[in-house]
Amino acid sequence: MDQKEKKLLNNLKIILKTKKEAITILNNYFKGGVGKSKLSSMFAYIADKFNLKVLMIDKDLQGTLTKDLAKTFKFNDPRKNFYEGLKNGNLTTSIVHLTENLDLIPATFDLMLLPKLTRSWTFENESKLLSELLKPIKKNYDLIIIDTVPTPSVYTNNAIVASDYVMIPLQAEEESTNNIQNYISYLLDLQEQFNPNLDMVGFVPYLVNTSSSTIKANLEELYSEHKEDNLVFKNIIKRSNRISTWSKNGITENKGYDKKVLSMYEKVFLEMIERIIHLEEEK
């Protein structure tokens, strides 16, 4: 870690000391296959490496984040699964410890029962469920990172209302970028109703094929459209076979191209931290 990175993380620690609770980040977009769960699992690994105390929350029924982390970190099932924790109003027994700094609330297929549980609730109470249950936990962490389903749902609403910031991974393809305004409108609606302090960290161009002229043109157009608001990350994640290998066998740092690929994710993670610090200082 160079001096600039150390200074950045130190500035984050200063902000966290003032806040006295975790900063909660949602990694989400309304399109499957954009790599949000892989980005979340890489951020978990990097945050642990940078000695940040982090809670990962897998609110996706597919449990891709949980499965990914299980390839790199060994852990047992929690005493109460995620759905039971939500139902009982206590998430502390749904947390498993992966390392000294890294915790996880694993996904469970029982989460499919959540809409049935909240069917008779008001929309406000339903949307604030996760937010309320995280309040007594937030003081124990530096960051809380939530991964959830790529569709409008009670799961997504819970995650948005519980978050301080939203980071949006998207592929530089027309199908992916065309949905941006719809997603932002959805965020703004929930922000206005239940989470006025919610802010966007930005868009992360993910799994970019830099050899494709069409992808390059789409990426340039994306940067051009958001030149004034500066919402597109400068650092991007390029397509790499190493990512598929990590998904199968776990993250490593001692094989060919490991450090080069890991460096891409570290740069995006650090840019996210830098953007959050800037937004926190503006408040």
# chains A, B, ... in the order shown; residues from 1 in each chain; ligands from 1
>>> closest_atom_pairs(of="segment 33-63 of chain A", to="segment 153-161 of chain A", cutoff="12 Å", atoms="only C-alpha atoms", output="Markdown table")
| residue | atom | partner | partner_atom | distance |
| --- | --- | --- | --- | --- |
| A:Ile57 | CA | A:Ala159 | CA | 9.4 |
| A:Asp58 | CA | A:Ala159 | CA | 10.1 |
| A:Lys59 | CA | A:Tyr155 | CA | 6.6 |
| A:Asp60 | CA | A:Tyr155 | CA | 7.7 |
| A:Leu61 | CA | A:Tyr155 | CA | 9.3 |
>>> write_last_selection(atoms="C-alpha atoms", output="PDB file, in the first residue's frame")
ATOM      1  CA  ILE A  57     -24.995  -8.756   3.680  1.00  0.00           C
ATOM      2  CA  ASP A  58     -26.258 -11.147   1.006  1.00  0.00           C
ATOM      3  CA  LYS A  59     -29.915 -10.324   0.344  1.00  0.00           C
ATOM      4  CA  ASP A  60     -30.033 -12.111  -3.014  1.00  0.00           C
ATOM      5  CA  LEU A  61     -32.014 -15.368  -3.100  1.00  0.00           C
TER       6      LEU A  61
END
>>> select_by_dssp(residues="segment 19-263 of chain A", states="strand (DSSP E or B)", output="PyMOL selection string")
chain A and resi 23-27+54-59+96-97+102-105+143-148+165-170+199-205+208+232+238
>>> closest_residue(among="A:Phe50, A:Phe75, A:Phe194, A:Tyr165", to="Ile277 of chain A", atoms="only C-alpha atoms")
A:Tyr165
>>> closest_residue(among="A:Leu170, A:Leu130, A:Leu104, A:Leu86", to="Leu117 of chain A", atoms="only C-alpha atoms")
A:Leu86
>>> residues_around(residues="Ile184 of chain A", least_positions_apart="3", cutoff="12 Å", atoms="only C-alpha atoms", output="MDAnalysis selection string")
chainID A and resid 28:30 160 166:168 177:181 187:191 198:200 202:203 231
>>> select_by_dssp(residues="segment 11-205 of chain A", states="helix (DSSP H, G or I)", output="VMD selection string")
chain A and resid 11 to 19 36 to 49 64 to 72 82 to 88 92 to 94 109 to 117 123 to 127 129 to 134 138 to 140 154 to 162 174 to 177 180 to 194
>>> residues_around(residues="Leu262 of chain A", least_positions_apart="2", cutoff="10 Å", atoms="only C-alpha atoms", output="VMD selection string")
chain A and resid 42 45 to 46 237 242 to 243 251 to 253 257 to 260 264 to 267
>>> residues_around(residues="Ser211 of chain A", least_positions_apart="5", cutoff="12 Å", atoms="only C-alpha atoms", output="list in words")
Lys216, Ala217, Lys238 and Arg239 of chain A
>>> write_last_selection(atoms="N, CA and C atoms", output="mmCIF file, in the first residue's frame")
data_model
loop_
_atom_site.group_PDB
_atom_site.id
_atom_site.type_symbol
_atom_site.label_atom_id
_atom_site.label_comp_id
_atom_site.auth_asym_id
_atom_site.auth_seq_id
_atom_site.Cartn_x
_atom_site.Cartn_y
_atom_site.Cartn_z
ATOM 1 N N LYS A 216 -16.118 0.193 -26.628
ATOM 2 C CA LYS A 216 -15.346 1.420 -26.454
ATOM 3 C C LYS A 216 -16.201 2.655 -26.742
ATOM 4 N N ALA A 217 -16.998 2.588 -27.813
ATOM 5 C CA ALA A 217 -17.855 3.715 -28.180
ATOM 6 C C ALA A 217 -18.924 3.950 -27.117
ATOM 7 N N LYS A 238 -11.844 -4.677 -16.290
ATOM 8 C CA LYS A 238 -11.760 -5.288 -17.617
ATOM 9 C C LYS A 238 -12.038 -6.787 -17.523
ATOM 10 N N ARG A 239 -12.506 -7.338 -18.614
ATOM 11 C CA ARG A 239 -12.807 -8.769 -18.666
ATOM 12 C C ARG A 239 -11.516 -9.579 -18.491
#
>>> closest_residue(among="A:Met1, A:Asn81, A:Asp110, A:Pro196", to="Ser263 of chain A", atoms="only C-alpha atoms")
A:Met1
>>> closest_atom_pairs(of="segment 41-103 of chain A", to="segment 139-152 of chain A", cutoff="9 Å", atoms="only C-alpha atoms", output="tab-separated table")
residue	atom	partner	partner_atom	distance
A:Phe43	CA	A:Ile145	CA	8.6
A:Ala44	CA	A:Ile145	CA	8.2
A:Ala47	CA	A:Leu143	CA	8.6
A:Leu52	CA	A:Asp142	CA	6.2
A:Lys53	CA	A:Tyr141	CA	5.0
A:Val54	CA	A:Leu143	CA	4.9
A:Leu55	CA	A:Ile144	CA	4.7
A:Met56	CA	A:Ile145	CA	5.0
A:Ile57	CA	A:Ile146	CA	4.7
A:Asp58	CA	A:Asp147	CA	5.1
A:Lys59	CA	A:Thr148	CA	4.5
A:Asp60	CA	A:Thr148	CA	4.4
A:Leu61	CA	A:Val149	CA	7.2
A:Gln62	CA	A:Val149	CA	8.4
A:Gly63	CA	A:Thr148	CA	9.0
A:Leu65	CA	A:Asp147	CA	7.3
A:Asn101	CA	A:Tyr141	CA	8.7
>>> write_last_selection(atoms="C-alpha atoms", output="short mmCIF file (atom, residue, chain, number, x, y, z; two decimals), in the first residue's frame")
data_model
loop_
_atom_site.label_atom_id
_atom_site.label_comp_id
_atom_site.auth_asym_id
_atom_site.auth_seq_id
_atom_site.Cartn_x
_atom_site.Cartn_y
_atom_site.Cartn_z
CA PHE A 43 -14.60 -5.70 -2.04
CA ALA A 44 -14.98 -8.01 0.97
CA ALA A 47 -11.53 -4.42 2.74
CA LEU A 52 -11.28 -2.44 7.64
CA LYS A 53 -14.01 -3.95 9.81
CA VAL A 54 -16.72 -4.98 7.35
CA LEU A 55 -20.11 -6.69 7.39
CA MET A 56 -21.25 -8.18 4.09
CA ILE A 57 -25.00 -8.76 3.68
CA ASP A 58 -26.26 -11.15 1.01
CA LYS A 59 -29.91 -10.32 0.34
CA ASP A 60 -30.03 -12.11 -3.01
CA LEU A 61 -32.01 -15.37 -3.10
CA GLN A 62 -29.38 -16.89 -5.40
CA GLY A 63 -26.73 -16.36 -2.73
CA LEU A 65 -22.00 -13.55 -2.81
CA ASN A 101 -12.27 -8.11 10.37
#
